[in-house]
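The structure file run-v7.txt is reproduced below (compact mmCIF, C-alpha atoms).
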# COMPACT_ATOMS: atom_id res chain seq x y z
CA MET J 1 -50.89 -38.93 -1.02
CA LYS J 2 -54.57 -39.35 -0.36
CA ARG J 3 -54.09 -38.78 3.37
CA ASN J 4 -51.90 -35.75 2.81
CA ARG J 5 -54.61 -34.09 0.72
CA ARG J 6 -57.24 -34.85 3.33
CA GLU J 7 -55.03 -33.45 6.03
CA PHE J 8 -54.32 -30.40 3.92
CA LEU J 9 -58.02 -29.78 3.38
CA GLN J 10 -58.79 -30.27 7.05
CA HIS J 11 -56.12 -27.90 8.23
CA GLY J 12 -56.94 -25.44 5.49
CA GLY J 13 -60.59 -25.49 6.41
CA VAL J 14 -59.89 -24.79 10.07
CA LEU J 15 -57.57 -21.93 9.13
CA LEU J 16 -60.23 -20.46 6.86
CA LEU J 17 -62.82 -20.71 9.60
CA LEU J 18 -60.53 -18.98 12.06
CA THR J 19 -59.63 -16.20 9.66
CA GLY J 20 -63.21 -15.54 8.63
CA ALA J 21 -64.58 -15.54 12.15
CA SER J 22 -61.82 -13.44 13.58
CA SER J 23 -62.05 -10.85 10.86
CA LEU J 24 -65.76 -10.57 11.55
CA ALA J 25 -65.11 -10.19 15.24
CA TRP J 26 -62.31 -7.68 14.78
CA GLU J 27 -64.53 -5.40 12.78
CA HIS J 28 -66.82 -5.01 15.76
CA VAL J 29 -64.12 -4.86 18.37
CA ALA J 30 -62.25 -2.09 16.59
CA ALA J 31 -65.32 -0.06 15.54
CA GLY J 32 -65.76 3.59 16.36
CA GLU J 33 -66.10 5.57 19.56
CA PRO J 34 -69.54 6.59 20.86
CA GLU J 35 -70.25 10.28 20.37
CA ALA J 36 -69.98 12.31 23.50
CA ALA J 37 -72.48 15.08 24.27
CA PRO J 38 -70.63 18.00 22.75
CA GLY J 39 -68.88 20.10 25.35
CA TYR J 40 -69.89 18.01 28.36
CA ASP J 41 -67.03 16.33 30.19
CA GLU J 42 -68.31 13.51 32.40
CA THR J 43 -65.17 13.33 34.45
CA ALA J 44 -65.39 16.97 35.54
CA HIS J 45 -68.54 16.46 37.63
CA TRP J 46 -69.76 14.38 40.54
CA TRP J 47 -73.43 15.13 40.99
CA ALA J 48 -75.31 15.09 44.27
CA MET J 49 -78.42 16.74 45.66
CA ALA J 50 -78.97 18.71 48.84
CA ILE J 51 -82.46 18.61 50.34
CA ASP J 52 -83.40 20.93 53.18
CA ILE J 53 -86.34 19.45 55.09
CA GLU J 54 -86.82 22.72 56.95
CA ARG J 55 -87.68 24.43 53.69
CA CYS J 56 -89.91 21.87 51.99
CA ILE J 57 -93.54 23.01 51.96
CA GLY J 58 -95.01 19.99 50.21
CA CYS J 59 -96.31 22.00 47.26
CA GLY J 60 -95.59 19.17 44.83
CA ASN J 61 -94.02 21.44 42.21
CA CYS J 62 -91.10 19.04 41.91
CA VAL J 63 -93.35 16.07 41.23
CA ARG J 64 -95.29 17.90 38.54
CA ALA J 65 -92.18 19.36 36.94
CA CYS J 66 -90.47 15.96 36.84
CA LYS J 67 -93.45 14.28 35.23
CA ALA J 68 -93.64 17.03 32.62
CA GLU J 69 -89.92 17.11 31.89
CA ASN J 70 -89.36 13.36 31.72
CA ASP J 71 -92.58 12.12 30.17
CA VAL J 72 -93.49 10.02 33.19
CA PRO J 73 -96.91 8.32 33.06
CA LEU J 74 -99.45 10.32 35.05
CA GLU J 75 -101.00 7.38 36.88
CA PRO J 76 -100.43 7.41 40.65
CA PHE J 77 -98.06 4.41 40.54
CA TYR J 78 -95.18 5.89 38.58
CA PHE J 79 -92.91 8.48 40.12
CA ARG J 80 -89.33 9.41 39.51
CA THR J 81 -89.58 11.71 42.51
CA TRP J 82 -92.29 12.07 45.11
CA VAL J 83 -93.00 13.84 48.40
CA GLU J 84 -94.07 12.14 51.63
CA ARG J 85 -95.66 13.80 54.62
CA TYR J 86 -94.63 12.40 57.97
CA ALA J 87 -96.63 12.68 61.19
CA VAL J 88 -94.47 11.63 64.11
CA PRO J 89 -96.34 11.29 67.43
CA ALA J 90 -94.50 12.94 70.31
CA GLY J 91 -92.61 10.31 72.27
CA ASP J 92 -93.07 7.61 69.63
CA PRO J 93 -90.55 8.20 66.85
CA GLU J 94 -90.51 4.52 65.96
CA HIS J 95 -94.02 4.62 64.55
CA PRO J 96 -94.39 7.58 62.24
CA ALA J 97 -97.32 7.78 59.88
CA ALA J 98 -96.32 8.65 56.35
CA GLU J 99 -98.61 9.50 53.49
CA SER J 100 -98.03 10.39 49.88
CA PRO J 101 -101.32 11.02 48.03
CA ASN J 102 -100.51 10.62 44.34
CA GLY J 103 -96.90 11.20 45.30
CA GLY J 104 -97.68 14.79 46.26
CA PHE J 105 -98.55 15.56 42.64
CA ASP J 106 -101.62 17.55 43.70
CA GLY J 107 -100.08 18.84 46.92
CA PHE J 108 -101.33 17.60 50.25
CA PRO J 109 -104.74 18.03 51.89
CA PRO J 110 -104.86 19.73 55.29
CA ALA J 111 -103.65 17.33 57.95
CA ALA J 112 -106.03 15.85 60.47
CA PRO J 113 -105.63 17.82 63.69
CA GLY J 114 -103.69 16.21 66.52
CA GLU J 115 -101.79 17.28 69.60
CA GLY J 116 -98.05 17.03 69.84
CA ILE J 117 -97.56 15.55 66.40
CA LYS J 118 -94.52 16.64 64.47
CA ARG J 119 -95.27 16.98 60.79
CA PHE J 120 -92.90 17.63 57.94
CA TYR J 121 -92.38 16.85 54.29
CA VAL J 122 -89.72 14.59 52.83
CA PRO J 123 -89.07 14.71 49.09
CA LYS J 124 -87.56 11.50 47.82
CA LEU J 125 -85.89 10.47 44.59
CA CYS J 126 -83.19 8.16 43.33
CA ASN J 127 -80.18 8.64 45.54
CA HIS J 128 -77.71 7.91 42.72
CA CYS J 129 -75.78 5.74 45.11
CA ALA J 130 -72.04 5.46 44.72
CA HIS J 131 -72.23 1.78 45.76
CA SER J 132 -75.57 1.11 44.23
CA PRO J 133 -77.36 -2.17 44.98
CA CYS J 134 -79.37 -1.84 41.79
CA VAL J 135 -76.26 -1.68 39.63
CA GLN J 136 -74.83 -4.65 41.47
CA VAL J 137 -77.76 -6.96 40.79
CA CYS J 138 -78.54 -6.14 37.17
CA PRO J 139 -77.89 -9.37 35.28
CA VAL J 140 -77.14 -7.71 31.94
CA GLY J 141 -75.54 -4.37 32.70
CA ALA J 142 -78.61 -2.33 31.79
CA THR J 143 -78.22 -0.04 34.78
CA PHE J 144 -74.95 1.55 35.54
CA GLU J 145 -73.18 4.41 37.22
CA THR J 146 -71.71 7.01 34.89
CA ARG J 147 -68.39 8.68 35.49
CA ASP J 148 -70.20 11.81 36.67
CA GLY J 149 -72.04 9.94 39.40
CA LEU J 150 -75.46 9.34 37.90
CA VAL J 151 -77.15 5.95 37.98
CA LEU J 152 -78.86 5.55 34.62
CA VAL J 153 -80.86 2.90 32.80
CA ASP J 154 -80.15 1.52 29.34
CA LYS J 155 -83.66 1.05 28.03
CA ASN J 156 -82.48 -0.82 24.96
CA TYR J 157 -80.68 -3.37 27.06
CA CYS J 158 -83.05 -3.78 30.01
CA LEU J 159 -84.87 -7.10 30.11
CA GLY J 160 -87.55 -6.01 32.55
CA CYS J 161 -86.59 -8.73 35.02
CA ARG J 162 -87.29 -6.30 37.91
CA TYR J 163 -84.36 -7.49 40.00
CA CYS J 164 -83.19 -3.90 40.41
CA VAL J 165 -86.67 -2.76 41.41
CA GLN J 166 -86.48 -5.26 44.26
CA ALA J 167 -82.91 -4.39 45.12
CA CYS J 168 -83.30 -0.64 45.46
CA PRO J 169 -83.79 0.08 49.18
CA TYR J 170 -85.35 3.46 48.45
CA GLY J 171 -88.09 2.23 46.17
CA CYS J 172 -87.23 4.69 43.45
CA ARG J 173 -87.36 2.38 40.45
CA PHE J 174 -90.47 1.36 38.59
CA ILE J 175 -91.47 -0.42 35.42
CA ASP J 176 -92.54 1.95 32.66
CA PRO J 177 -95.78 0.38 31.44
CA ARG J 178 -95.21 1.56 27.88
CA THR J 179 -91.80 0.04 27.31
CA ARG J 180 -91.93 -2.57 30.08
CA THR J 181 -88.40 -1.66 31.02
CA VAL J 182 -87.17 0.00 34.15
CA ASP J 183 -87.40 3.75 34.54
CA LYS J 184 -86.18 6.03 37.29
CA CYS J 185 -84.83 9.43 38.10
CA THR J 186 -81.91 10.29 35.85
CA LEU J 187 -81.13 13.53 37.71
CA CYS J 188 -82.20 15.11 34.43
CA ALA J 189 -78.98 14.01 32.77
CA HIS J 190 -80.18 15.67 29.59
CA ARG J 191 -80.35 19.01 31.40
CA LEU J 192 -77.07 18.60 33.28
CA ALA J 193 -75.29 18.00 29.99
CA LYS J 194 -76.45 21.46 28.89
CA GLY J 195 -75.48 23.24 32.08
CA LEU J 196 -79.05 23.53 33.40
CA THR J 197 -80.32 22.32 36.73
CA THR J 198 -82.76 19.48 37.21
CA ALA J 199 -86.46 20.05 36.61
CA CYS J 200 -87.32 19.42 40.26
CA CYS J 201 -84.78 21.98 41.47
CA GLU J 202 -85.95 24.45 38.86
CA ALA J 203 -89.52 24.17 40.07
CA CYS J 204 -88.85 24.13 43.81
CA PRO J 205 -90.02 27.52 45.10
CA THR J 206 -88.22 27.48 48.43
CA GLY J 207 -84.83 26.09 47.46
CA ALA J 208 -85.48 22.93 49.46
CA ARG J 209 -83.99 20.91 46.62
CA ARG J 210 -80.65 21.99 45.26
CA LEU J 211 -78.48 20.23 42.76
CA GLY J 212 -74.80 20.12 43.72
CA ASP J 213 -71.59 19.27 41.97
CA LEU J 214 -69.22 17.80 44.52
CA LYS J 215 -66.27 18.25 42.18
CA ASP J 216 -66.87 22.00 41.90
CA ARG J 217 -65.09 23.74 44.74
CA LYS J 218 -67.31 26.78 44.53
CA ASP J 219 -70.55 24.84 44.67
CA PRO J 220 -72.76 25.84 47.64
CA ILE J 221 -73.32 22.18 48.48
CA HIS J 222 -69.96 22.09 50.22
CA ARG J 223 -71.05 24.78 52.65
CA PHE J 224 -74.36 22.96 53.07
CA LEU J 225 -72.59 19.72 53.97
CA ALA J 226 -70.18 21.46 56.31
CA GLN J 227 -72.60 23.65 58.23
CA ARG J 228 -75.81 21.64 58.44
CA PRO J 229 -76.15 18.26 60.13
CA VAL J 230 -76.84 16.12 57.08
CA HIS J 231 -78.07 12.57 56.81
CA VAL J 232 -78.77 10.12 54.04
CA LEU J 233 -81.66 7.72 53.94
CA LYS J 234 -80.98 4.24 55.31
CA PRO J 235 -77.31 4.84 56.16
CA HIS J 236 -77.05 1.36 57.65
CA LEU J 237 -77.17 -0.07 54.13
CA ALA J 238 -74.00 1.81 53.13
CA THR J 239 -75.23 2.49 49.64
CA GLY J 240 -73.15 5.62 49.24
CA ALA J 241 -76.31 7.63 48.64
CA LYS J 242 -75.63 11.08 47.27
CA VAL J 243 -78.84 12.80 48.26
CA TYR J 244 -78.11 14.63 51.50
CA TYR J 245 -80.93 15.66 53.81
CA ALA J 246 -80.58 18.47 56.32
CA GLY J 247 -82.99 18.55 59.21
CA LEU J 248 -84.04 14.94 58.65
CA ASP J 249 -85.98 13.46 61.52
CA GLY J 250 -84.74 10.14 62.86
CA SER J 251 -88.08 8.50 62.21
CA VAL J 252 -87.85 8.82 58.42
CA ARG J 253 -87.53 5.43 56.77
CA MET A 1 -53.02 -51.25 4.66
CA SER A 2 -54.41 -48.64 7.10
CA ARG A 3 -52.15 -47.36 9.74
CA SER A 4 -53.33 -47.66 13.33
CA PRO A 5 -54.34 -44.18 14.60
CA SER A 6 -51.76 -42.39 16.65
CA PRO A 7 -52.23 -42.66 20.42
CA SER A 8 -53.20 -39.00 20.75
CA ALA A 9 -55.47 -38.63 17.70
CA HIS A 10 -58.58 -38.45 19.88
CA LEU A 11 -57.05 -35.65 21.97
CA LEU A 12 -56.29 -33.71 18.83
CA ARG A 13 -59.86 -34.09 17.63
CA MET A 14 -61.21 -32.87 20.97
CA ALA A 15 -58.82 -29.94 21.00
CA LEU A 16 -59.84 -28.95 17.49
CA LEU A 17 -63.50 -29.22 18.45
CA PHE A 18 -62.99 -26.98 21.45
CA ALA A 19 -61.00 -24.52 19.37
CA ALA A 20 -63.72 -24.41 16.75
CA GLY A 21 -66.36 -23.97 19.46
CA LEU A 22 -64.35 -21.17 21.03
CA VAL A 23 -64.03 -19.41 17.72
CA VAL A 24 -67.75 -19.69 17.06
CA PHE A 25 -68.46 -18.39 20.55
CA LEU A 26 -66.14 -15.41 20.09
CA ALA A 27 -67.65 -14.61 16.73
CA VAL A 28 -71.22 -14.74 18.06
CA ARG A 29 -70.23 -12.69 21.11
CA ALA A 30 -68.58 -10.10 18.91
CA LEU A 31 -71.78 -9.84 16.93
CA LEU A 32 -74.09 -9.58 19.92
CA VAL A 33 -72.16 -7.45 22.40
CA PRO A 34 -72.75 -3.78 21.55
CA GLN A 35 -69.93 -1.51 20.52
CA GLY A 36 -68.03 0.04 23.37
CA PHE A 37 -69.54 -2.17 26.03
CA GLY A 38 -67.21 -2.35 29.00
CA ARG A 39 -65.23 0.75 28.08
CA TYR A 40 -66.18 2.69 31.23
CA GLY A 41 -67.84 -0.08 33.20
CA HIS A 42 -70.22 -2.96 32.66
CA TYR A 43 -72.52 -0.98 30.39
CA ARG A 44 -72.98 0.39 26.90
CA PRO A 45 -71.62 3.98 26.71
CA GLY A 46 -74.27 4.80 24.14
CA ALA A 47 -76.89 4.45 26.86
CA ALA A 48 -75.52 7.43 28.79
CA GLU A 49 -75.56 9.42 25.58
CA GLU A 50 -79.15 8.40 24.89
CA ASN A 51 -80.16 9.59 28.34
CA ARG A 52 -78.44 12.92 27.65
CA ALA A 53 -80.12 13.35 24.28
CA ARG A 54 -83.67 13.58 25.61
CA PRO A 55 -85.69 16.71 24.78
CA LEU A 56 -86.06 19.52 27.31
CA HIS A 57 -89.40 20.86 28.48
CA HIS A 58 -88.27 23.44 31.03
CA ALA A 59 -86.26 26.36 29.72
CA GLY A 60 -84.64 27.44 32.99
CA GLU A 61 -84.72 30.80 34.73
CA ALA A 62 -81.82 32.23 32.77
CA ALA A 63 -83.66 31.76 29.49
CA CYS A 64 -86.68 33.69 30.77
CA ALA A 65 -84.59 36.61 32.02
CA ASP A 66 -83.24 37.12 28.50
CA CYS A 67 -86.52 38.66 27.33
CA HIS A 68 -88.32 39.27 30.62
CA GLY A 69 -85.58 41.13 32.48
CA ASP A 70 -88.11 43.57 33.92
CA VAL A 71 -89.92 40.75 35.70
CA ALA A 72 -86.63 39.37 37.01
CA GLU A 73 -85.85 42.80 38.45
CA ALA A 74 -89.30 43.11 40.01
CA LYS A 75 -88.90 39.70 41.65
CA ALA A 76 -85.38 40.15 42.96
CA PRO A 77 -85.96 42.23 46.11
CA GLY A 78 -89.05 40.36 47.27
CA PRO A 79 -89.71 36.98 48.93
CA HIS A 80 -90.36 35.32 45.55
CA ALA A 81 -86.82 36.04 44.38
CA GLY A 82 -85.92 32.36 44.68
CA VAL A 83 -89.05 31.16 42.91
CA HIS A 84 -88.11 30.34 39.35
CA CYS A 85 -90.43 31.42 36.57
CA GLU A 86 -91.47 27.94 35.53
CA ALA A 87 -92.38 27.01 39.11
CA CYS A 88 -95.60 28.97 38.58
CA HIS A 89 -95.83 29.30 34.82
CA GLY A 90 -95.10 25.66 34.04
CA PRO A 91 -92.59 24.20 31.59
CA LEU A 92 -92.06 26.73 28.83
CA LYS A 93 -89.19 25.60 26.66
CA VAL A 94 -91.55 25.71 23.68
CA HIS A 95 -92.22 29.36 24.41
CA ALA A 96 -88.54 30.17 24.90
CA ASP A 97 -87.71 28.55 21.57
CA ASP A 98 -90.41 30.39 19.64
CA PRO A 99 -91.93 33.19 21.73
CA GLU A 100 -94.44 34.33 19.14
CA ALA A 101 -95.82 30.93 18.33
CA VAL A 102 -96.60 29.76 21.86
CA LYS A 103 -98.06 32.10 24.46
CA PRO A 104 -98.21 30.66 27.97
CA ALA A 105 -101.46 30.72 29.94
CA LEU A 106 -101.36 31.35 33.68
CA PRO A 107 -103.28 28.91 35.86
CA ALA A 108 -106.20 30.26 37.90
CA VAL A 109 -104.84 32.54 40.58
CA PRO A 110 -106.32 31.45 43.90
CA ALA A 111 -105.53 27.82 43.10
CA LEU A 112 -101.98 28.73 42.07
CA CYS A 113 -101.24 30.67 45.25
CA LEU A 114 -102.86 28.10 47.52
CA ARG A 115 -100.73 25.32 46.04
CA CYS A 116 -97.89 26.64 48.15
CA HIS A 117 -99.51 28.86 50.72
CA ARG A 118 -102.44 26.89 52.03
CA GLU A 119 -102.04 26.01 55.69
CA ASP A 120 -102.05 22.24 56.14
CA GLY A 121 -100.42 21.67 59.51
CA ALA A 122 -97.04 20.59 58.16
CA LYS A 123 -95.51 23.76 56.79
CA PRO A 124 -92.14 24.69 58.26
CA LYS A 125 -92.01 27.36 60.94
CA GLY A 126 -92.06 30.87 59.60
CA PHE A 127 -93.47 29.97 56.21
CA PRO A 128 -96.39 32.29 55.31
CA ALA A 129 -99.39 29.98 55.15
CA VAL A 130 -103.00 31.08 55.09
CA ASP A 131 -106.37 29.50 55.61
CA GLY A 132 -109.81 30.47 54.39
CA SER A 133 -110.13 33.43 56.72
CA HIS A 134 -107.18 35.30 55.18
CA GLY A 135 -108.08 38.43 53.29
CA GLY A 136 -111.78 38.18 54.10
CA GLY A 137 -112.62 36.44 50.86
CA GLU A 138 -110.91 39.00 48.65
CA PRO A 139 -108.95 37.66 45.64
CA CYS A 140 -105.19 37.30 46.19
CA LEU A 141 -104.37 39.82 43.48
CA GLY A 142 -106.46 42.45 45.24
CA CYS A 143 -103.56 43.05 47.65
CA HIS A 144 -100.55 41.08 46.32
CA LYS A 145 -98.59 41.38 43.12
CA PRO A 146 -97.40 37.87 42.28
CA HIS A 147 -93.83 38.76 41.34
CA ASP A 148 -93.28 40.86 44.45
CA PRO A 149 -96.03 39.94 46.88
CA ARG A 150 -95.03 42.26 49.71
CA ILE A 151 -97.79 44.61 50.70
CA SER A 152 -96.48 48.11 50.27

Output the file's structure in the form of C-alpha cells.
Amino acid sequence: MKRNRREFLQHGGVLLLLTGASSLAWEHVAAGEPEAAPGYDETAHWWAMAIDIERCIGCGNCVRACKAENDVPLEPFYFRTWVERYAVPAGDPEHPAAESPNGGFDGFPPAAPGEGIKRFYVPKLCNHCAHSPCVQVCPVGATFETRDGLVLVDKNYCLGCRYCVQACPYGCRFIDPRTRTVDKCTLCAHRLAKGLTTACCEACPTGARRLGDLKDRKDPIHRFLAQRPVHVLKPHLATGAKVYYAGLDGSVR
Amino acid sequence: MSRSPSPSAHLLRMALLFAAGLVVFLAVRALLVPQGFGRYGHYRPGAAEENRARPLHHAGEAACADCHGDVAEAKAPGPHAGVHCEACHGPLKVHADDPEAVKPALPAVPALCLRCHREDGAKPKGFPAVDGSHGGGEPCLGCHKPHDPRIS
C-alpha cells in the first residue's frame, strides 16, 4: 500500500508537471498573428534598384536625404548609402583610386587635375542580396530577408556581435552607436509599404538611382536590365545582389 | 522485507529525468522565443513590421503637386523636370502634413545650384557643369529660373 501511494504521487506529479508546462507553452505557440502593414502585400513585390553610373553627378543628395529620412547619425563613419569617386588611370584599371569624403554628404571637391584619368561616381548601398552572406552568418536570426526581397535588421533581437558587419562584402552595415545594434539600408521599407519611392531615389536629381519592382511587369527596370549592360558589385561572390549598375567600370571594387 | 529493485529501474529513472528536462526546456523555449518566429523564415515577423512603421520625413513629389501644381507644370518642359521637389527643398513631410504651420526655407542659391552644377572633373559627358568664370560673377537667378532654368 505504501509503495502504491508513493508511485501514485510520483506519477501524478510528473503528469501535473507536464500538463502545466505544456499549457504554458501552448499559449505562446498558438498566440495571435503579427499585424501586417495595412494594404501592403509582401508577396506582390520583389524590390531591386537600378543605378546608372552615366547619370550620377556626385551631388550627394542621396546621402543627405537618406540621413534625414532614416535618422542616421551625422558623423562621417555611419552611412546607409554613400557615393565614391573613382579615378582610374588610363592603362591601369587594376589600381583605381577611390575617395569618399564624408560619404559624399557634402558633395565632392574639384578633382586634382591629371591626364588620361577616367573619373566617375559610384553610389553604393546595401545590395539586398538574394543569397545574403549577412543573413547566413547571423547567430540569432536578427537579420533576415523579407518575402519582398529586402534584407532588414531586427533591432530588438540583434546582439551587436558584428558578425554580419564582417560578413557583408559590400561594407554596407555598421553599428549604430546609440543602440549598439546593427543598422543598414532598409530600402526605405517604411516608404515602400506606403507606395512611395526610397528617399535616395526621391532626392536624386538625374534619375541615376531608380527603385524597381522586379515582380511588376510594367516597371521600367525590366527595360533597363534588357537594354543596358548591367553589372552587380563583386559578382564572383554570387551574393544575388539586387542593385544593378549600368555603365559600371571594371575597376570598381 | 524490501524487494530488490527491478533490473530496469535505473533506466526508468534516467528516462523520466530526460523527459522532465525536455519538458522544462520546451517550456523555457516557448517563453523566450518570440511569437511568430520562424513563420516566414528564421526571424521574427514583427521586425519587418517595425521597420515598416518608421516615420516618414520626405513627402514625395506627388504630395507636393497636390497644392503646387503650377510649379509642377512650370518644371515639366524643362531640364529640371526629373528633379523632385525635395531634392532641392529638403525633406518636407512636416510641411505637407500641415502647410500653414511649417513654411520651408530655401537654402542659399549659389550654394544650392553649385551642389550639382559645379565642375569637378568627374561629371558625366554632356552634364551642364560650370566653374567660377560662368556668368561673370552674376548671381544664378539673374539669368535662370530654378524650376525651368532654360534661358529664353

Checklist entry - A:Cys143, A:Ala59, A:Leu114, A:Ala47: which is nearest Pro128 of chain A, counting all atoms listed in the file? => result A:Leu114

Residues of chain J within 6 Å of chain A, all atoms listed in the file counted, as an mmCIF file with C-alpha atoms, in the frame of the given file:
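Final output, saved to selection13.cif:
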data_model
loop_
_atom_site.group_PDB
_atom_site.id
_atom_site.type_symbol
_atom_site.label_atom_id
_atom_site.label_comp_id
_atom_site.auth_asym_id
_atom_site.auth_seq_id
_atom_site.Cartn_x
_atom_site.Cartn_y
_atom_site.Cartn_z
ATOM 1 C CA ALA J 21 -64.580 -15.540 12.150
ATOM 2 C CA ALA J 25 -65.110 -10.190 15.240
ATOM 3 C CA GLU J 54 -86.820 22.720 56.950
ATOM 4 C CA ILE J 57 -93.540 23.010 51.960
ATOM 5 C CA CYS J 59 -96.310 22.000 47.260
ATOM 6 C CA GLU J 69 -89.920 17.110 31.890
ATOM 7 C CA PRO J 110 -104.860 19.730 55.290
ATOM 8 C CA ALA J 111 -103.650 17.330 57.950
ATOM 9 C CA ARG J 119 -95.270 16.980 60.790
ATOM 10 C CA PHE J 120 -92.900 17.630 57.940
ATOM 11 C CA GLY J 141 -75.540 -4.370 32.700
ATOM 12 C CA ASP J 154 -80.150 1.520 29.340
ATOM 13 C CA ALA J 189 -78.980 14.010 32.770
ATOM 14 C CA HIS J 190 -80.180 15.670 29.590
ATOM 15 C CA ALA J 203 -89.520 24.170 40.070
ATOM 16 C CA PRO J 205 -90.020 27.520 45.100
#

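You can rank J:Lys184, J:Arg147, J:His128, J:His95 by their closest distance to Tyr244 of chain J using all atoms listed in the file, and at the top of that list sits J:His128.
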
Next on the checklist: I'd like to know which of J:Lys118, J:Gly149, J:Cys62, J:Arg253 is closest to Leu214 of chain J, using only C-alpha atoms.
Outcome noted: J:Gly149

Please identify all polymer residues within 8 Å of Cys140 of chain A, counting only C-alpha atoms, omitting same-chain residues fewer than 6 positions from it, and present them as a PDB file with C-alpha atoms, keeping the file's coordinate frame.
ATOM      1  CA  VAL A 109    -104.840  32.540  40.580  1.00  0.00           C
ATOM      2  CA  PRO A 110    -106.320  31.450  43.900  1.00  0.00           C
ATOM      3  CA  CYS A 113    -101.240  30.670  45.250  1.00  0.00           C
TER       4      CYS A 113
END

Using the block above, I'd like segment 224-230 of chain J written out, keeping all heavy atoms and formatting it as an mmCIF file, in the first residue's frame.
data_model
loop_
_atom_site.group_PDB
_atom_site.id
_atom_site.type_symbol
_atom_site.label_atom_id
_atom_site.label_comp_id
_atom_site.auth_asym_id
_atom_site.auth_seq_id
_atom_site.Cartn_x
_atom_site.Cartn_y
_atom_site.Cartn_z
ATOM 1 N N PHE J 224 15.460 48.571 -68.448
ATOM 2 C CA PHE J 224 16.822 48.921 -68.046
ATOM 3 C C PHE J 224 17.722 47.689 -68.077
ATOM 4 O O PHE J 224 18.815 47.698 -68.639
ATOM 5 C CB PHE J 224 16.759 49.515 -66.627
ATOM 6 C CG PHE J 224 18.076 49.902 -66.037
ATOM 7 C CD1 PHE J 224 18.605 51.155 -66.258
ATOM 8 C CD2 PHE J 224 18.773 49.019 -65.227
ATOM 9 C CE1 PHE J 224 19.808 51.529 -65.690
ATOM 10 C CE2 PHE J 224 19.986 49.393 -64.658
ATOM 11 C CZ PHE J 224 20.503 50.642 -64.891
ATOM 12 N N LEU J 225 17.235 46.588 -67.507
ATOM 13 C CA LEU J 225 18.058 45.378 -67.450
ATOM 14 C C LEU J 225 18.239 44.760 -68.826
ATOM 15 O O LEU J 225 19.247 44.116 -69.100
ATOM 16 C CB LEU J 225 17.416 44.359 -66.500
ATOM 17 C CG LEU J 225 17.366 44.766 -65.031
ATOM 18 C CD1 LEU J 225 16.575 43.753 -64.232
ATOM 19 C CD2 LEU J 225 18.755 44.893 -64.460
ATOM 20 N N ALA J 226 17.254 44.942 -69.699
ATOM 21 C CA ALA J 226 17.335 44.308 -71.004
ATOM 22 C C ALA J 226 18.212 45.099 -71.963
ATOM 23 O O ALA J 226 18.926 44.517 -72.774
ATOM 24 C CB ALA J 226 15.926 44.171 -71.594
ATOM 25 N N GLN J 227 18.181 46.438 -71.851
ATOM 26 C CA GLN J 227 18.832 47.240 -72.885
ATOM 27 C C GLN J 227 20.212 47.735 -72.499
ATOM 28 O O GLN J 227 21.017 48.046 -73.351
ATOM 29 C CB GLN J 227 17.954 48.454 -73.208
ATOM 30 C CG GLN J 227 16.655 48.042 -73.872
ATOM 31 C CD GLN J 227 15.832 49.254 -74.267
ATOM 32 O OE1 GLN J 227 16.089 50.361 -73.802
ATOM 33 N NE2 GLN J 227 14.858 49.037 -75.115
ATOM 34 N N ARG J 228 20.502 47.845 -71.200
ATOM 35 C CA ARG J 228 21.805 48.347 -70.801
ATOM 36 C C ARG J 228 22.652 47.164 -70.346
ATOM 37 O O ARG J 228 22.141 46.206 -69.775
ATOM 38 C CB ARG J 228 21.661 49.319 -69.629
ATOM 39 C CG ARG J 228 20.626 50.423 -69.831
ATOM 40 C CD ARG J 228 21.099 51.461 -70.795
ATOM 41 N NE ARG J 228 22.355 52.043 -70.403
ATOM 42 C CZ ARG J 228 22.489 53.038 -69.523
ATOM 43 N NH1 ARG J 228 21.439 53.548 -68.932
ATOM 44 N NH2 ARG J 228 23.678 53.516 -69.236
ATOM 45 N N PRO J 229 23.977 47.249 -70.568
ATOM 46 C CA PRO J 229 24.815 46.188 -69.991
ATOM 47 C C PRO J 229 24.956 46.428 -68.491
ATOM 48 O O PRO J 229 25.580 47.391 -68.084
ATOM 49 C CB PRO J 229 26.164 46.365 -70.709
ATOM 50 C CG PRO J 229 26.093 47.645 -71.460
ATOM 51 C CD PRO J 229 24.738 48.231 -71.350
ATOM 52 N N VAL J 230 24.348 45.580 -67.707
ATOM 53 C CA VAL J 230 24.312 45.802 -66.262
ATOM 54 C C VAL J 230 25.253 44.836 -65.555
ATOM 55 O O VAL J 230 25.498 43.719 -66.012
ATOM 56 C CB VAL J 230 22.893 45.642 -65.675
ATOM 57 C CG1 VAL J 230 22.018 46.769 -66.085
ATOM 58 C CG2 VAL J 230 22.310 44.319 -66.048
#
